Structure formats: C-alpha cells, structure tokens
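*Asks:* Attaching a single structure in structure tokens format; questions to follow.
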Amino acid sequence: MSDENKRAAEIPPEQLSLKSKFKFSCHKGVKCFTDCCRGIDIMLTPYDILTMRKKLDLTSEEFLSVFTTPQMLEKADMPVVTLKLLDDERKSCPFVEDKEGCAIYQDRPTTCRYYPLGVGSLSYSGEQGEKDEFFFTVKEAHCRGFEEDKEWSVAEWREDQGVDLRDEVNEGWLDLMVRKKSLPPSMKLSEESKKMFFMVCYNIDKFKDFVFKSSFLDRYELPEEKIQEIRNDDVKLLQFGFQWLKAMFFQAGQEKFTVKESKES
Ligand code: SF4
Ligand code: SF4
C-alpha cells in the first residue's frame with residue numbers, strides 16, 4: 001500500500017445512507033482506465049459464479065478450476081473463492097483489456113460493481129429481514145473517478161450497477177457467513193460441512209447432481225412445485241441450497257425440510 005493510501009486508510013470513512021450523494025464517473029477517458037483491474041483481491045459471490053460461468057459457457061467445475069483460487073475466510077472459518085489473477089507483471093484480472101476495459105462487463109463480479117462504494121453493517125439479522133447497513137466511499141489514491149462531475153445518490157449507484165439484485169440473491173450466503181462468524185470460535189464446522197458449503201455456494205452443477213441424482217429427494221418432503229422450480233432455475237436452486245445449509249448447520253427454518261417417514265416403520 002502506498003503512503004498516500006495508508007494515510008487514507010487511517011481516516012475513518014464517512015457513513016453514507018442510500019440518499020447520500022457522491023461524485024464519481026468511470027469511463028474510457030479517465031487517465032487511470034483499467035488501473036483498478038490489476039493487483040486486486042476480488043472475492044466472488046455465489047451469484048457471480050453462476051453468471052460468469054454462463055457467460056463463458058463453462059460448467060461451474062471448469063470455471064472454478066480455471067478462474068478461481070479457494071481461500072478460507074479467517075474470521076468465519078468458511079471457504080470462499082477469489083478471482084485468479086494472471087501471472088503478468090501487473091497481476092491483471094484475466095478479463096481486462098487495455099483499451100476496451102472489462103471483457104465481461106455485463107456479467108462482472110459484485111465487487112467490481114460496488115466500487116467505489118463499500119458496505120458495512122451496524123447489526124444484521126437476515127432471519128428477521130432486518131439490516132442496518134451503511135455505505136462509504138473507498139477512495140484509492142490512483143482512482144481519478146472522484147474528479148468527475150457526475151453526481152449519484154448511493155441508491156442510484158446501486159441500481160445502475162445492478163448490486164440490488166445481486167445482494168438479494170446472495171443474501172442467504174451472507175446470512176450463513178454472519179451466523180458462523182457470530183458463533184464462539186470453539187464451535188467449528190466439520191470438514192465435511194465445509195465441503196458441503198463449498199459445493200452448494202460455488203459449484204452449482206455439482207449441487208444439482210447431488211439433489212437430483214442422489215437419494216436427496218427421497219429424504220425430504222418437498223412440494224412438487226418446489227422440485228420443478230429448482231430443477232429449471234439455477235438461481236432458485238442456489239437459494240434453496242442456502243436454506244438447506246441454514247437448516248443443517250444452524251437448525252433454522254427446518255420446517256422447510258421435513259424428513260420423510262421411513263416406509264419400513
Ligand atoms: S472482472 Fe472486469 S471490472 Fe472486474 S476486475 Fe476484471 S476486468 Fe475489471
Ligand atoms: S481507478 Fe477508478 S476511475 Fe480509474 S478505471 Fe478504476 S474505477 Fe474507473
């Protein structure tokens with residue numbers, strides 16, 4: 001981190017609400033165009049992987065092996081994946097093109113959409129649907145976008161960048177992370193549970209096979225409409241997976257997963 005960036009990091013960011021305004025614009029004319037797509041750490045959300053692998057016409061397994069690096073989120077002790085950067089001098093994102101910018105712009109990850117906003121939470125209770133979020137601007141020294149005149153409210157930026165939809169789909173994933181993080185450090189998930197979490201959240205094709213090609217559907221009383229819905233819609237399947245993990249790991253929402261009575265008893 002440069003001295004300028006270090007000094008900026010020491011100043012606590014101003015908390016913004018959805019109505020707060022900030023000036024920013026990013027376009028091909030800025031001197032720093034694509035600078036922020038190098039040497040970065042981009043955590044991918046489950047929905048990012050769904051859309052990126054579709055755009056690239058890859059299975060989720062292929063996408064994970066070519067474009068991601070598995071990591072452990074230290075505080076939550078949960079697996080996450082980050083975008084694998086190229087091994088070039090500037091550690092570039094594999095999708096950045098010097099003149100044109102992002103080659104997968106319509107399907108770029110949530111982190112790239114949020115910038116230059118960060119999001120924080122004063123308290124979070126996904127189960128009750130209560131979130132006490134605040135926002136802040138992340139002002140990196142090299143970013144010239146703050147010198148532009150275009151003004152946005154936080155809400156306008158979020159809508160323009162499509163983060164509202166992404167946050168809605170990823171909410172169950174975030175809820176699992178927050179729940180795990182709030183447990184005492186001694187309460188750990190087993191390695192098997194972490195593998196299950198990884199499969200549901202990041203390897204949707206494998207999870208689909210797990211649901212439809214194993215004894216999974218013989219175990220639970222699920223309405224036929226739900227089965228059809230998750231068979232035909234990967235977003236619904238992903239959200240179903242988050243609910244299932246929540247019931248398995250935290251015994252929350254278990255009524256959605258009633259175990260079928262054994263025919264022998
Ligand atoms: S995915 Fe696109 S916007 Fe995000 S870092 Fe890579 S090139 Fe930049
Ligand atoms: S550094 Fe800022 S202005 Fe420059 S390309 Fe990145 S987001 Fe846009």
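Chain labels A, B, ... are given in the sequence in which chains occur in the structure tokens; within each chain residues are numbered consecutively from 1, and ligands are likewise numbered from 1 in the order shown.
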Run DSSP on the backbone of this structure and report the residues of segment 25-251 of chain A it assigns to helix (DSSP H, G or I), as a ChimeraX atom specification.

*Replies:* /A:35-37,46-55,60-67,105-107,110-114,126-128,145-147,154-161,163-181,191-202,204-213,216-219,224-232,234-250

*Asks:* Using only C-alpha atoms and all ligand atoms, what are the residues with an atom within 9 Å of ligand 1, set out as a PyMOL selection string?

*Replies:* chain A and resi 34-38+40-42+83+85+92-97+101-105+107-113

*Asks:* Return as JSON lines the residues of chain A lying at most 6 Å from ligand 2, together with the closest atom-to-atom pair for each and the distance in Å to one decimal, counting only C-alpha atoms and all ligand atoms, with rows in chain order and ascending residue number.

*Replies:*
{"residue": "A:Cys26", "atom": "CA", "partner": "ligand 2", "partner_atom_place_in_ligand_line": "8 (Fe)", "distance": 4.0}
{"residue": "A:Val30", "atom": "CA", "partner": "ligand 2", "partner_atom_place_in_ligand_line": "3 (S)", "distance": 5.9}
{"residue": "A:Cys32", "atom": "CA", "partner": "ligand 2", "partner_atom_place_in_ligand_line": "4 (Fe)", "distance": 4.1}
{"residue": "A:Phe33", "atom": "CA", "partner": "ligand 2", "partner_atom_place_in_ligand_line": "5 (S)", "distance": 3.7}
{"residue": "A:Thr34", "atom": "CA", "partner": "ligand 2", "partner_atom_place_in_ligand_line": "5 (S)", "distance": 4.4}
{"residue": "A:Asp35", "atom": "CA", "partner": "ligand 2", "partner_atom_place_in_ligand_line": "1 (S)", "distance": 5.3}
{"residue": "A:Cys36", "atom": "CA", "partner": "ligand 2", "partner_atom_place_in_ligand_line": "6 (Fe)", "distance": 4.3}
{"residue": "A:His142", "atom": "CA", "partner": "ligand 2", "partner_atom_place_in_ligand_line": "1 (S)", "distance": 5.9}
{"residue": "A:Cys143", "atom": "CA", "partner": "ligand 2", "partner_atom_place_in_ligand_line": "1 (S)", "distance": 3.7}
{"residue": "A:Arg144", "atom": "CA", "partner": "ligand 2", "partner_atom_place_in_ligand_line": "3 (S)", "distance": 4.8}
{"residue": "A:Gly145", "atom": "CA", "partner": "ligand 2", "partner_atom_place_in_ligand_line": "3 (S)", "distance": 3.7}

*Asks:* Keeping only N, CA and C atoms, write the selected residues as a JSON list (two decimals), in the first residue's frame.

*Replies:*
[["chain", "number", "residue", "atom", "x", "y", "z"],
["A", 26, "CYS", "N", -16.65, 6.68, -14.08],
["A", 26, "CYS", "CA", -15.56, 5.84, -14.61],
["A", 26, "CYS", "C", -15.86, 5.59, -16.09],
["A", 30, "VAL", "N", -10.84, 8.36, -18.58],
["A", 30, "VAL", "CA", -10.07, 8.67, -17.36],
["A", 30, "VAL", "C", -8.64, 8.14, -17.50],
["A", 32, "CYS", "N", -6.71, 6.82, -15.47],
["A", 32, "CYS", "CA", -6.42, 5.59, -14.75],
["A", 32, "CYS", "C", -7.20, 4.39, -15.31],
["A", 33, "PHE", "N", -7.82, 4.54, -16.48],
["A", 33, "PHE", "CA", -8.71, 3.49, -17.00],
["A", 33, "PHE", "C", -8.06, 2.10, -16.93],
["A", 34, "THR", "N", -8.70, 1.21, -16.27],
["A", 34, "THR", "CA", -8.35, -0.21, -16.02],
["A", 34, "THR", "C", -7.26, -0.41, -14.95],
["A", 35, "ASP", "N", -6.75, 0.68, -14.37],
["A", 35, "ASP", "CA", -5.73, 0.50, -13.31],
["A", 35, "ASP", "C", -6.26, -0.35, -12.16],
["A", 36, "CYS", "N", -7.55, -0.18, -11.86],
["A", 36, "CYS", "CA", -8.11, -0.88, -10.69],
["A", 36, "CYS", "C", -8.38, -2.35, -10.99],
["A", 142, "HIS", "N", -5.04, 6.13, -6.67],
["A", 142, "HIS", "CA", -4.86, 6.15, -8.13],
["A", 142, "HIS", "C", -6.16, 6.43, -8.89],
["A", 143, "CYS", "N", -7.29, 6.38, -8.20],
["A", 143, "CYS", "CA", -8.59, 6.47, -8.88],
["A", 143, "CYS", "C", -8.97, 7.92, -9.14],
["A", 144, "ARG", "N", -9.08, 8.27, -10.43],
["A", 144, "ARG", "CA", -9.41, 9.64, -10.82],
["A", 144, "ARG", "C", -10.92, 9.84, -10.99],
["A", 145, "GLY", "N", -11.68, 8.78, -10.78],
["A", 145, "GLY", "CA", -13.14, 8.88, -10.98],
["A", 145, "GLY", "C", -13.81, 9.89, -10.08]]

*Asks:* I'd like a table as CSV: residues in segment 20-108 of chain A with an atom no more than 12 Å from segment 154-159 of chain A, each row giving the shortest atom pair and its distance in Å to one decimal, only C-alpha atoms counted, sorted by chain and rising residue number.

*Replies:*
residue,atom,partner,partner_atom,distance
A:Ser20,CA,A:Val154,CA,5.9
A:Lys21,CA,A:Val154,CA,6.3
A:Phe22,CA,A:Val154,CA,7.5
A:Lys23,CA,A:Val154,CA,10.2
A:Phe24,CA,A:Trp157,CA,9.6
A:Ser25,CA,A:Trp157,CA,10.4

*Asks:* Which residue is closest to Arg231 of chain A? Choose from A:Glu133, A:Lys208, A:Lys188, A:Met72 and count only C-alpha atoms.

*Replies:*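 Looking at the shortest contact to Arg231 of chain A, the residue is A:Lys208.
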
*Asks:* Give me, please, the distance in Å between atom CA of Gln161 of chain A and atom CA of Phe135 of chain A, quoted to one decimal.

*Replies:* 14.9 Å

*Asks:* Just give me the gap between atom CA of Val80 of chain A and atom CA of Phe197 of chain A in Å, one decimal is fine.

*Replies:*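 Distance reported for this atom pair: 9.5 Å.
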